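Asker: Compact mmCIF, C-alpha atoms, saved as data-v1.txt, coming up:
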# COMPACT_ATOMS: atom_id res chain seq x y z
CA MET A 21 -6.73 -4.37 -22.68
CA LYS A 22 -3.38 -5.33 -24.18
CA ASN A 23 -2.53 -8.44 -22.16
CA LYS A 24 -5.55 -10.08 -20.54
CA LYS A 25 -3.66 -13.16 -19.39
CA LEU A 26 -1.08 -11.07 -17.54
CA TYR A 27 -3.70 -8.76 -16.05
CA PHE A 28 -5.91 -11.50 -14.63
CA THR A 29 -2.84 -13.23 -13.21
CA CYS A 30 -1.86 -9.98 -11.48
CA ALA A 31 -5.46 -9.61 -10.27
CA LEU A 32 -5.25 -13.01 -8.56
CA LEU A 33 -1.86 -12.08 -7.15
CA MET A 34 -3.24 -8.86 -5.64
CA ILE A 35 -6.10 -10.74 -3.95
CA LEU A 36 -3.60 -13.19 -2.48
CA LEU A 37 -1.38 -10.32 -1.31
CA GLY A 38 -4.36 -8.63 0.35
CA THR A 39 -5.15 -11.86 2.19
CA SER A 40 -1.52 -12.31 3.25
CA ASP A 41 -1.33 -8.73 4.54
CA ALA A 42 -4.35 -9.28 6.78
CA LEU A 43 -3.02 -12.39 8.56
CA ARG A 44 -0.93 -10.49 11.12
CA GLY A 45 -3.97 -8.65 12.47
CA ILE A 46 -6.50 -11.48 12.13
CA PHE A 47 -4.52 -14.13 13.99
CA SER A 48 -3.03 -12.00 16.77
CA PRO A 49 -5.24 -13.84 19.35
CA LEU A 50 -3.60 -17.09 18.18
CA PHE A 51 -0.15 -15.59 18.79
CA LEU A 52 -1.17 -14.72 22.35
CA LYS A 53 -3.00 -17.92 23.29
CA GLU A 54 -1.37 -20.68 21.24
CA PHE A 55 2.15 -19.35 20.66
CA GLY A 56 2.39 -17.65 24.07
CA LEU A 57 3.62 -14.30 22.79
CA SER A 58 3.38 -11.07 24.79
CA MET A 59 1.93 -7.82 23.49
CA SER A 60 5.44 -6.37 23.29
CA GLN A 61 6.51 -9.27 21.06
CA ILE A 62 3.51 -8.67 18.80
CA SER A 63 4.48 -4.99 18.62
CA ILE A 64 7.97 -6.04 17.55
CA ILE A 65 6.41 -8.15 14.79
CA VAL A 66 4.50 -5.08 13.56
CA SER A 67 7.70 -3.01 13.60
CA ALA A 68 9.60 -5.80 11.83
CA SER A 69 7.02 -5.91 9.04
CA TYR A 70 7.39 -2.15 8.49
CA LEU A 71 11.16 -2.60 8.42
CA GLY A 72 10.66 -5.43 5.91
CA ASN A 73 8.78 -3.00 3.68
CA LEU A 74 11.71 -0.58 3.69
CA VAL A 75 14.40 -3.20 3.10
CA CYS A 76 12.51 -5.02 0.34
CA LEU A 77 11.60 -1.80 -1.45
CA LEU A 78 15.13 -0.39 -1.40
CA PHE A 79 16.79 -3.57 -2.68
CA GLY A 80 13.83 -4.62 -4.85
CA GLY A 81 13.86 -1.43 -6.89
CA VAL A 82 17.47 -2.02 -7.93
CA ILE A 83 16.72 -5.67 -8.79
CA LEU A 84 13.71 -4.67 -10.90
CA ASP A 85 15.78 -2.21 -12.93
CA LYS A 86 18.69 -4.63 -13.35
CA VAL A 87 16.94 -7.89 -14.31
CA GLY A 88 13.57 -6.68 -15.61
CA SER A 89 10.02 -6.92 -14.26
CA LYS A 90 9.26 -10.53 -15.22
CA LYS A 91 12.33 -12.23 -13.78
CA ALA A 92 12.23 -10.05 -10.69
CA MET A 93 8.54 -10.74 -10.00
CA VAL A 94 8.99 -14.50 -10.35
CA GLY A 95 11.94 -14.35 -7.95
CA PHE A 96 9.93 -12.23 -5.47
CA ILE A 97 7.05 -14.73 -5.61
CA ILE A 98 9.39 -17.65 -4.90
CA LEU A 99 10.76 -15.76 -1.89
CA LEU A 100 7.20 -14.91 -0.80
CA ILE A 101 6.22 -18.59 -0.90
CA CYS A 102 9.23 -19.41 1.28
CA SER A 103 8.39 -16.63 3.73
CA GLU A 104 4.76 -17.81 3.95
CA LEU A 105 5.97 -21.33 4.76
CA LEU A 106 8.19 -19.90 7.49
CA LEU A 107 4.98 -18.82 9.23
CA LEU A 108 4.05 -22.49 9.61
CA LEU A 109 6.85 -22.60 12.20
CA GLY A 110 5.26 -19.70 14.05
CA ALA A 111 5.36 -21.52 17.38
CA LYS A 112 9.01 -20.42 17.38
CA TYR A 113 9.04 -16.64 17.68
CA ALA A 114 12.11 -16.11 15.48
CA PHE A 115 10.44 -17.84 12.50
CA LEU A 116 7.25 -15.85 12.99
CA LEU A 117 9.27 -12.63 13.08
CA LEU A 118 11.25 -13.51 9.94
CA GLY A 119 8.13 -14.74 8.17
CA PHE A 120 6.29 -11.45 8.62
CA PHE A 121 9.41 -9.40 7.91
CA PHE A 122 9.71 -10.94 4.45
CA SER A 123 6.05 -11.65 3.63
CA LEU A 124 4.88 -8.09 4.34
CA GLY A 125 7.95 -6.59 2.69
CA LEU A 126 7.66 -8.74 -0.43
CA SER A 127 3.93 -8.11 -0.60
CA THR A 128 4.52 -4.34 -0.64
CA LEU A 129 7.25 -4.80 -3.24
CA LEU A 130 5.00 -6.90 -5.48
CA ASN A 131 2.04 -4.52 -5.32
CA THR A 132 4.43 -1.64 -6.09
CA THR A 133 5.59 -3.63 -9.12
CA MET A 134 2.07 -3.29 -10.54
CA ILE A 135 2.89 0.38 -11.13
CA PHE A 136 5.65 -0.59 -13.55
CA LEU A 137 3.31 -2.96 -15.38
CA SER A 138 0.46 -0.49 -15.90
CA ARG A 139 1.47 0.09 -19.54
CA GLU A 140 1.47 -3.67 -20.10
CA PHE A 141 -2.26 -3.70 -19.40
CA SER A 142 -3.33 -0.66 -21.40
CA ALA A 143 -1.56 2.17 -23.18
CA LYS A 144 -4.71 4.32 -23.15
CA ASN A 145 -6.07 3.77 -19.62
CA PRO A 146 -3.19 2.49 -17.47
CA LEU A 147 -4.31 4.28 -14.28
CA PHE A 148 -7.76 2.70 -14.49
CA TYR A 149 -6.41 -0.84 -14.59
CA LEU A 150 -3.80 -0.02 -11.94
CA ASN A 151 -6.37 1.29 -9.46
CA VAL A 152 -8.66 -1.68 -10.07
CA LEU A 153 -5.78 -3.96 -9.08
CA PHE A 154 -5.38 -2.08 -5.79
CA PHE A 155 -9.16 -2.33 -5.34
CA LEU A 156 -8.86 -6.10 -5.66
CA GLN A 157 -6.10 -6.17 -3.07
CA GLY A 158 -8.46 -4.35 -0.71
CA ILE A 159 -11.15 -6.94 -1.46
CA GLY A 160 -8.70 -9.69 -0.53
CA THR A 161 -7.97 -7.98 2.78
CA SER A 162 -11.61 -7.18 3.60
CA LEU A 163 -12.96 -10.63 2.73
CA SER A 164 -10.26 -12.42 4.68
CA GLN A 165 -10.97 -10.20 7.70
CA LEU A 166 -14.71 -10.86 7.37
CA VAL A 167 -14.36 -14.64 7.04
CA LEU A 168 -11.27 -15.51 9.06
CA THR A 169 -11.73 -13.37 12.19
CA ARG A 170 -14.19 -15.94 13.55
CA PHE A 171 -11.32 -18.46 13.47
CA SER A 172 -8.67 -16.08 14.81
CA SER A 173 -7.57 -18.51 17.55
CA SER A 174 -7.54 -21.65 15.40
CA LEU A 175 -4.12 -23.14 14.68
CA ALA A 176 -5.61 -25.45 12.04
CA VAL A 177 -7.14 -22.55 10.09
CA TRP A 178 -3.88 -20.55 10.41
CA ASN A 179 -1.89 -23.45 8.93
CA GLY A 180 -4.50 -24.12 6.25
CA VAL A 181 -4.59 -20.50 5.06
CA ILE A 182 -0.79 -20.32 4.87
CA VAL A 183 -0.54 -23.55 2.86
CA ALA A 184 -3.35 -22.39 0.54
CA LEU A 185 -1.57 -19.08 -0.11
CA ALA A 186 1.72 -20.83 -0.85
CA VAL A 187 0.06 -23.30 -3.21
CA LEU A 188 -1.91 -20.63 -5.11
CA LEU A 189 1.20 -18.51 -5.57
CA ILE A 190 2.91 -21.31 -7.51
CA PRO A 191 0.71 -21.12 -10.66
CA VAL A 192 0.83 -17.30 -10.46
CA GLY A 193 4.62 -17.42 -10.66
CA PHE A 194 4.54 -19.98 -13.48
CA ILE A 195 2.09 -17.94 -15.59
CA LEU A 196 4.19 -14.81 -15.08
CA LEU A 197 7.29 -16.74 -16.15
CA THR A 198 5.64 -17.85 -19.39
CA SER A 199 3.98 -14.49 -20.14
CA LYS A 200 5.38 -12.03 -22.67
CA PHE A 201 6.15 -8.54 -21.38
CA SER A 202 6.33 -5.84 -24.04
CA SER A 203 8.83 -3.98 -21.87
CA GLU A 204 11.33 -6.78 -22.40
CA LYS A 205 11.88 -5.51 -25.93
CA GLN A 206 13.02 -2.20 -24.51
CA GLU A 207 15.61 -3.64 -22.11
CA GLU A 208 18.47 -3.13 -24.58
CA ASN A 209 17.66 0.57 -24.86
CA LYS A 210 17.50 1.12 -21.11
CA SER A 211 21.22 1.09 -20.44
CA ASN A 212 21.89 3.57 -23.25
CA GLU A 213 19.12 5.84 -22.08
CA GLY A 214 20.36 5.76 -18.49
CA SER A 215 23.65 7.36 -19.41
CA LYS A 216 22.00 10.32 -21.14
CA ALA A 217 18.80 11.02 -19.24
CA LYS A 218 18.53 13.16 -16.13
CA VAL A 219 16.78 12.56 -12.85
CA ASN A 220 14.57 15.28 -11.42
CA LYS A 221 15.66 14.82 -7.80
CA GLY A 222 13.59 17.79 -6.59
CA ALA A 223 10.38 16.30 -7.95
CA ILE A 224 11.19 12.88 -6.47
CA ALA A 225 11.78 14.49 -3.05
CA LEU A 226 8.49 16.41 -3.27
CA LEU A 227 6.59 13.27 -4.27
CA ALA A 228 8.07 11.43 -1.28
CA LEU A 229 7.03 14.25 1.07
CA SER A 230 3.54 14.46 -0.38
CA LEU A 231 3.12 10.70 -0.06
CA ALA A 232 4.46 10.75 3.51
CA PHE A 233 1.97 13.39 4.68
CA TYR A 234 -0.83 11.52 2.92
CA LEU A 235 0.13 8.23 4.64
CA ILE A 236 0.15 9.99 8.01
CA ALA A 237 -3.42 11.17 7.38
CA GLU A 238 -4.66 7.77 6.21
CA HIS A 239 -2.93 5.70 8.90
CA GLY A 240 -3.94 8.25 11.52
CA VAL A 241 -7.53 7.19 10.88
CA THR A 242 -6.95 3.45 10.58
CA ASN A 243 -4.73 3.25 13.68
CA TYR A 244 -6.30 5.79 16.05
CA ILE A 245 -9.95 6.44 15.14
CA VAL A 246 -11.22 3.67 17.45
CA LEU A 247 -9.37 5.16 20.43
CA TYR A 248 -10.49 8.66 19.42
CA GLY A 249 -14.13 7.57 19.24
CA THR A 250 -14.23 5.52 22.42
CA GLU A 251 -11.91 7.54 24.68
CA PHE A 252 -12.61 11.12 23.55
CA LEU A 253 -16.10 11.00 22.04
CA ARG A 254 -17.29 8.28 24.45
CA MET A 255 -18.91 6.32 21.65
CA ASP A 256 -19.68 2.62 21.72
CA ALA A 257 -16.78 0.56 20.33
CA GLY A 258 -19.07 -1.24 17.89
CA LYS A 259 -20.31 2.06 16.48
CA VAL A 260 -16.77 3.38 16.07
CA GLY A 261 -15.83 0.11 14.36
CA LEU A 262 -18.67 0.74 11.92
CA MET A 263 -17.29 4.22 11.21
CA LEU A 264 -13.86 2.73 10.49
CA SER A 265 -15.44 0.19 8.14
CA LEU A 266 -17.10 3.11 6.31
CA PHE A 267 -13.65 4.60 5.77
CA SER A 268 -12.38 1.29 4.36
CA PHE A 269 -15.46 0.89 2.17
CA GLY A 270 -14.93 4.43 0.88
CA ILE A 271 -11.41 3.48 -0.20
CA LEU A 272 -12.64 0.34 -1.96
CA SER A 273 -15.49 2.04 -3.81
CA GLY A 274 -13.35 5.06 -4.68
CA ARG A 275 -10.69 2.92 -6.32
CA LEU A 276 -13.33 1.37 -8.52
CA ILE A 277 -15.23 4.56 -9.41
CA LEU A 278 -12.51 7.24 -9.54
CA ALA A 279 -10.26 4.96 -11.59
CA THR A 280 -12.55 5.61 -14.56
CA VAL A 281 -11.57 9.31 -14.74
CA SER A 282 -7.93 9.14 -13.64
CA ASP A 283 -6.51 8.75 -17.14
CA LYS A 284 -8.66 11.56 -18.56
CA LEU A 285 -7.56 14.12 -15.97
CA GLY A 286 -3.98 12.91 -15.65
CA GLY A 287 -2.25 11.54 -12.58
CA ALA A 288 -0.98 14.78 -11.03
CA LYS A 289 -4.29 16.65 -11.40
CA MET A 290 -6.22 13.65 -10.10
CA VAL A 291 -4.02 13.36 -7.00
CA PHE A 292 -4.34 17.09 -6.30
CA ILE A 293 -8.14 17.04 -6.63
CA CYS A 294 -8.38 13.96 -4.38
CA LEU A 295 -6.08 15.45 -1.73
CA LEU A 296 -8.00 18.74 -1.73
CA SER A 297 -11.32 16.90 -1.40
CA ALA A 298 -9.92 14.74 1.40
CA LEU A 299 -8.63 17.86 3.19
CA ILE A 300 -12.14 19.33 3.22
CA CYS A 301 -13.72 16.08 4.44
CA TYR A 302 -11.07 15.48 7.13
CA SER A 303 -11.44 19.05 8.39
CA ILE A 304 -15.21 18.65 8.79
CA VAL A 305 -14.88 15.25 10.47
CA PHE A 306 -12.40 16.37 13.14
CA ALA A 307 -13.73 19.91 13.61
CA PHE A 308 -17.33 18.81 14.16
CA ASN A 309 -16.85 15.08 15.01
CA VAL A 310 -19.03 13.92 12.12
CA LEU A 311 -17.59 10.41 11.90
CA PRO A 312 -20.03 9.09 9.24
CA LEU A 313 -18.22 11.40 6.80
CA LEU A 314 -15.24 9.06 7.09
CA PHE A 315 -16.77 7.28 4.10
CA LEU A 316 -16.15 10.40 1.98
CA CYS A 317 -12.66 10.71 3.46
CA GLY A 318 -11.85 7.19 2.35
CA PHE A 319 -13.45 7.76 -1.04
CA ALA A 320 -11.38 10.90 -1.59
CA VAL A 321 -8.02 9.34 -0.69
CA SER A 322 -8.73 6.01 -2.37
CA ILE A 323 -6.54 6.36 -5.46
CA VAL A 324 -3.88 8.70 -4.04
CA TYR A 325 -1.33 6.01 -3.17
CA PRO A 326 -1.21 4.06 -6.46
CA THR A 327 -1.58 7.17 -8.63
CA LEU A 328 0.97 9.28 -6.75
CA THR A 329 3.58 6.54 -6.74
CA ASP A 330 2.98 6.00 -10.45
CA LEU A 331 3.91 9.67 -11.02
CA SER A 332 7.51 9.05 -9.94
CA LYS A 333 8.16 7.33 -13.28
CA SER A 334 7.61 10.67 -15.00
CA TYR A 335 10.65 12.30 -13.43
CA VAL A 336 13.32 9.71 -14.22
CA PRO A 337 14.51 7.73 -17.25
CA SER A 338 12.80 4.36 -17.70
CA SER A 339 16.02 2.63 -16.70
CA MET A 340 15.56 4.00 -13.18
CA SER A 341 11.77 3.93 -12.84
CA ALA A 342 11.67 1.04 -10.37
CA ARG A 343 14.34 2.53 -8.11
CA ALA A 344 12.66 5.94 -8.17
CA THR A 345 9.28 4.51 -7.23
CA THR A 346 10.57 2.31 -4.42
CA ILE A 347 12.70 5.17 -3.06
CA VAL A 348 9.64 7.45 -2.98
CA VAL A 349 7.64 4.82 -1.07
CA SER A 350 10.55 4.01 1.26
CA LEU A 351 11.24 7.64 2.20
CA ALA A 352 7.54 8.26 2.76
CA SER A 353 7.30 5.14 4.92
CA ILE A 354 10.19 6.29 7.12
CA LEU A 355 8.33 9.52 7.97
CA ASP A 356 5.10 7.60 8.46
CA ILE A 357 6.77 5.17 10.87
CA GLY A 358 8.31 8.08 12.75
CA PHE A 359 4.90 9.70 13.09
CA ASN A 360 3.30 6.53 14.48
CA PHE A 361 6.22 6.12 16.88
CA VAL A 362 5.60 9.50 18.55
CA PHE A 363 1.89 10.08 17.98
CA GLY A 364 0.83 8.17 21.09
CA SER A 365 2.99 10.47 23.23
CA VAL A 366 1.57 13.51 21.43
CA ILE A 367 -1.97 12.40 22.33
CA GLU A 368 -0.96 11.99 25.98
CA SER A 369 0.61 15.47 25.97
CA ILE A 370 -1.98 17.63 24.21
CA GLY A 371 -5.12 15.46 24.10
CA TYR A 372 -7.15 13.85 21.32
CA ALA A 373 -8.80 16.99 19.94
CA LYS A 374 -5.57 18.83 19.12
CA SER A 375 -3.72 15.66 18.14
CA MET A 376 -6.27 14.53 15.56
CA ALA A 377 -6.16 18.02 14.05
CA ILE A 378 -2.69 17.01 12.85
CA LEU A 379 -4.32 14.73 10.28
CA PRO A 380 -6.05 17.45 8.19
CA ILE A 381 -2.92 19.61 8.62
CA SER A 382 -0.89 16.75 7.19
CA LEU A 383 -3.27 16.55 4.23
CA LEU A 384 -2.95 20.30 3.76
CA LEU A 385 0.84 19.94 3.46
CA SER A 386 0.45 17.04 1.04
CA THR A 387 -1.96 19.10 -1.08
CA ILE A 388 0.33 22.15 -1.14
CA ILE A 389 3.28 20.03 -2.25
CA MET A 390 1.26 18.45 -5.06
CA LEU A 391 0.04 21.89 -6.13
CA SER A 392 3.62 23.11 -6.32
CA LEU A 393 4.45 20.22 -8.65
CA LEU A 394 1.51 21.15 -10.86
CA LEU A 395 2.45 24.83 -10.98
CA VAL A 396 6.10 24.28 -11.71
CA GLY A 397 5.22 21.74 -14.38
CA ARG A 398 6.75 18.38 -15.05
CA LYS A 399 10.34 18.49 -16.18
CA LYS A 400 10.65 15.68 -18.65
CA SER A 401 13.71 13.48 -18.60
CA SER A 402 15.82 13.93 -21.72
Render the structure in this file as structure tokens.
Answerer:
Amino acid sequence: MKNKKLYFTCALLMILLGTSDALRGIFSPLFLKEFGLSMSQISIIVSASYLGNLVCLLFGGVILDKVGSKKAMVGFIILLICSELLLLLGAKYAFLLLGFFFSLGLSTLLNTTMIFLSREFSAKNPLFYLNVLFFLQGIGTSLSQLVLTRFSSSLAVWNGVIVALAVLLIPVGFILLTSKFSSEKQEENKSNEGSKAKVNKGAIALLALSLAFYLIAEHGVTNYIVLYGTEFLRMDAGKVGLMLSLFSFGILSGRLILATVSDKLGGAKMVFICLLSALICYSIVFAFNVLPLLFLCGFAVSIVYPTLTDLSKSYVPSSMSARATTIVVSLASILDIGFNFVFGSVIESIGYAKSMAILPISLLLSTIIMLSLLLVGRKKSS
């Protein structure tokens, strides 16, 4: 590892981000009982957080390219601390809405920034260290859900967690500010390179589409599998919840195990193999209703998101790597949001069986797109 101090700081940051991301779901009973919100207001909060992702990614990518990773990350962390503190005023709906808009958006922006730092951690095995960081973010989310759900209606715990997050983010920002980034030495060359190098817009568009269809397949499970199991398969809610936890555990374990071979196979090949494996598993699950295989589905898709988004850097000059990556994620998120907006109506129209078949079809499209990128070959930026 090239920079242990920086890596372990980012590891702590990812755990904190995972915890922050989970707060919206964990404390929703508090919003209903203590803050007096309606379900429609909570739905607006969810939509606002997705919108925050898009806005922060689009503007954040430009900022990252203009001012450099270190300065940008420190600035994002300061803004994240402020947005977390806004949540302390959650009794007023507007502050709660703004707090989640910025905290979820900045969290997504900061974890995306890890992709740009992968070479700071290791020149030989960057994908391994990158996927471990996303594994740690998942640990932060899972542990906070496990521990904090029993206090989901407690205002004191809500306030305490928010203050703790804000306080812990301060030393993270300070360590980042005092750390040395090897990429800083290349900043002077970036502007010169940007005027000469070309952007492979076709590859960027294909990556965005592949990521979008993958996100539809993943979020289709996380958002709808409980309804599918209880309403269509008539399973006990607790049993379906266990199946969903198997999917999440598959993602966590996959990020830790598959990360060890990602660098050897290469990002594009690894993503294709994972998508193809996930397609097979998804098809079996929804054709034969074998929900325990959701563990293998989660395992197969585990490293797709960080590895696929990392690929976007290969099709643009380094001076535009941040913008390219955030644009890929933003475009994919727009399609994903659109899918979730209409999927409930699709289920009502054609039923659960046909609707859930859309998920493996979506993976099929994602796999075909990634295969096309492999066959055409990567066009290197000059």
Asker: Nearest to A:Leu247: which of A:Ile277, A:Cys76, A:Val183, A:Ile367 is it, counting all atoms listed in the file?
Answerer: A:Ile367
Asker: Just checking: using only C-alpha atoms, which residue out of A:Ser174, A:Ser322, A:Ser265, A:Ser60 ends up closest to A:Met290?
Answerer: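 Closest residue, counting only C-alpha atoms: A:Ser322.
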Asker: Atom CA of A:Glu104 and atom CA of A:Ile182, how far apart in Å?
Answerer: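 Atom CA of A:Ile182 sits 6.2 Å away from atom CA of A:Glu104.
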Asker: For stretch 182-197 of chain A, take all atoms listed in the file, fit an axis-aligned box around them, add 8 Å to each of the six sides, then output centre and edge lengths in Å rounded to one decimal, as JSON.
Answerer:
{"center_x": 2.0, "center_y": -19.2, "center_z": -5.6, "size_x": 26.6, "size_y": 24.7, "size_z": 37.0}
Asker: Pull the closest atom pair for each residue of stretch 323-375 of chain A that gets at most 6 Å from stretch 80-100 of chain A, along with the distance in Å to one decimal, counting only C-alpha atoms, ordering rows by chain and then ascending residue number, as JSON lines.
Answerer:
{"residue": "A:Ala342", "atom": "CA", "partner": "A:Gly81", "partner_atom": "CA", "distance": 4.8}
{"residue": "A:Arg343", "atom": "CA", "partner": "A:Gly81", "partner_atom": "CA", "distance": 4.2}
{"residue": "A:Thr346", "atom": "CA", "partner": "A:Gly81", "partner_atom": "CA", "distance": 5.6}
Asker: When you look at A:Thr327 with a cut-off of 10 Å (counting all atoms listed in the file), what residues show up, excluding the ones that are within fewer than 3 positions of it in the same chain? I need them as a PyMOL selection string.
Answerer: chain A and resi 135+147-148+150-151+279+282-283+286-288+290-291+322-324+330-332
Asker: Selection from above, C-alpha atoms, as a PDB file, in the coordinates of the input, can you write it?
Answerer:
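Saved file selection10.pdb follows:
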ATOM      1  CA  ILE A 135       2.890   0.380 -11.130  1.00  0.00           C
ATOM      2  CA  LEU A 147      -4.310   4.280 -14.280  1.00  0.00           C
ATOM      3  CA  PHE A 148      -7.760   2.700 -14.490  1.00  0.00           C
ATOM      4  CA  LEU A 150      -3.800  -0.020 -11.940  1.00  0.00           C
ATOM      5  CA  ASN A 151      -6.370   1.290  -9.460  1.00  0.00           C
ATOM      6  CA  ALA A 279     -10.260   4.960 -11.590  1.00  0.00           C
ATOM      7  CA  SER A 282      -7.930   9.140 -13.640  1.00  0.00           C
ATOM      8  CA  ASP A 283      -6.510   8.750 -17.140  1.00  0.00           C
ATOM      9  CA  GLY A 286      -3.980  12.910 -15.650  1.00  0.00           C
ATOM     10  CA  GLY A 287      -2.250  11.540 -12.580  1.00  0.00           C
ATOM     11  CA  ALA A 288      -0.980  14.780 -11.030  1.00  0.00           C
ATOM     12  CA  MET A 290      -6.220  13.650 -10.100  1.00  0.00           C
ATOM     13  CA  VAL A 291      -4.020  13.360  -7.000  1.00  0.00           C
ATOM     14  CA  SER A 322      -8.730   6.010  -2.370  1.00  0.00           C
ATOM     15  CA  ILE A 323      -6.540   6.360  -5.460  1.00  0.00           C
ATOM     16  CA  VAL A 324      -3.880   8.700  -4.040  1.00  0.00           C
ATOM     17  CA  ASP A 330       2.980   6.000 -10.450  1.00  0.00           C
ATOM     18  CA  LEU A 331       3.910   9.670 -11.020  1.00  0.00           C
ATOM     19  CA  SER A 332       7.510   9.050  -9.940  1.00  0.00           C
TER      20      SER A 332
END
Asker: Would you kindly return, as a PDB file with C-alpha atoms, in the frame of the given file, each protein, DNA or RNA residue with an atom no farther than 12 Å from any atom of A:Phe319, considering all atoms listed in the file and excluding same-chain residues fewer than 6 positions away?
Answerer:
ATOM      1  CA  PHE A 155      -9.160  -2.330  -5.340  1.00  0.00           C
ATOM      2  CA  GLU A 238      -4.660   7.770   6.210  1.00  0.00           C
ATOM      3  CA  LEU A 266     -17.100   3.110   6.310  1.00  0.00           C
ATOM      4  CA  PHE A 267     -13.650   4.600   5.770  1.00  0.00           C
ATOM      5  CA  SER A 268     -12.380   1.290   4.360  1.00  0.00           C
ATOM      6  CA  PHE A 269     -15.460   0.890   2.170  1.00  0.00           C
ATOM      7  CA  GLY A 270     -14.930   4.430   0.880  1.00  0.00           C
ATOM      8  CA  ILE A 271     -11.410   3.480  -0.200  1.00  0.00           C
ATOM      9  CA  LEU A 272     -12.640   0.340  -1.960  1.00  0.00           C
ATOM     10  CA  SER A 273     -15.490   2.040  -3.810  1.00  0.00           C
ATOM     11  CA  GLY A 274     -13.350   5.060  -4.680  1.00  0.00           C
ATOM     12  CA  ARG A 275     -10.690   2.920  -6.320  1.00  0.00           C
ATOM     13  CA  LEU A 276     -13.330   1.370  -8.520  1.00  0.00           C
ATOM     14  CA  ILE A 277     -15.230   4.560  -9.410  1.00  0.00           C
ATOM     15  CA  LEU A 278     -12.510   7.240  -9.540  1.00  0.00           C
ATOM     16  CA  ALA A 279     -10.260   4.960 -11.590  1.00  0.00           C
ATOM     17  CA  CYS A 294      -8.380  13.960  -4.380  1.00  0.00           C
ATOM     18  CA  LEU A 295      -6.080  15.450  -1.730  1.00  0.00           C
ATOM     19  CA  SER A 297     -11.320  16.900  -1.400  1.00  0.00           C
ATOM     20  CA  ALA A 298      -9.920  14.740   1.400  1.00  0.00           C
ATOM     21  CA  LEU A 299      -8.630  17.860   3.190  1.00  0.00           C
ATOM     22  CA  CYS A 301     -13.720  16.080   4.440  1.00  0.00           C
ATOM     23  CA  TYR A 302     -11.070  15.480   7.130  1.00  0.00           C
ATOM     24  CA  LEU A 313     -18.220  11.400   6.800  1.00  0.00           C
TER      25      LEU A 313
END
Asker: Name the residues within 12 Å of (1.6, -6.7, 13.8), counting all atoms listed in the file in the file's coordinates, and put them as a PyMOL selection string.
Answerer: chain A and resi 41-49+51+57-71+116-117+119-121+124+243
Asker: Give me, please, the distance in Å between atom CA of A:Leu395 and atom CA of A:Ile300, quoted to one decimal.
Answerer: 21.1 Å
Asker: When you look at A:Phe359 with a cut-off of 12 Å (counting only C-alpha atoms), what residues show up, excluding the ones that are within fewer than 5 positions of it in the same chain? I need them as a list in words.
Answerer: Ala232, Phe233, Tyr234, Leu235, Ile236, Ala237, Glu238, His239, Gly240, Asn243, Ala352, Ser353, Ile354, Gly364, Ser365, Val366, Ile367, Ser375, Ile378, Leu379 and Ser382 of chain A
Asker: Between A:Met390, A:Leu107, A:Ala176, A:Leu26, which is the closest to A:Phe141 once you count all atoms listed in the file?
Answerer: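 Of the candidates, the smallest distance to A:Phe141 is held by A:Leu26.
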Asker: Looking at A:Leu394, A:Leu227, A:Leu189, A:Met134, which one is nearest to A:Pro326, with distances taken over all atoms listed in the file?
Answerer: A:Met134
Asker: Separation of atom CA of A:Val241 and atom CA of A:Met255, in Å?
Answerer: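 So the answer is 15.7 Å.
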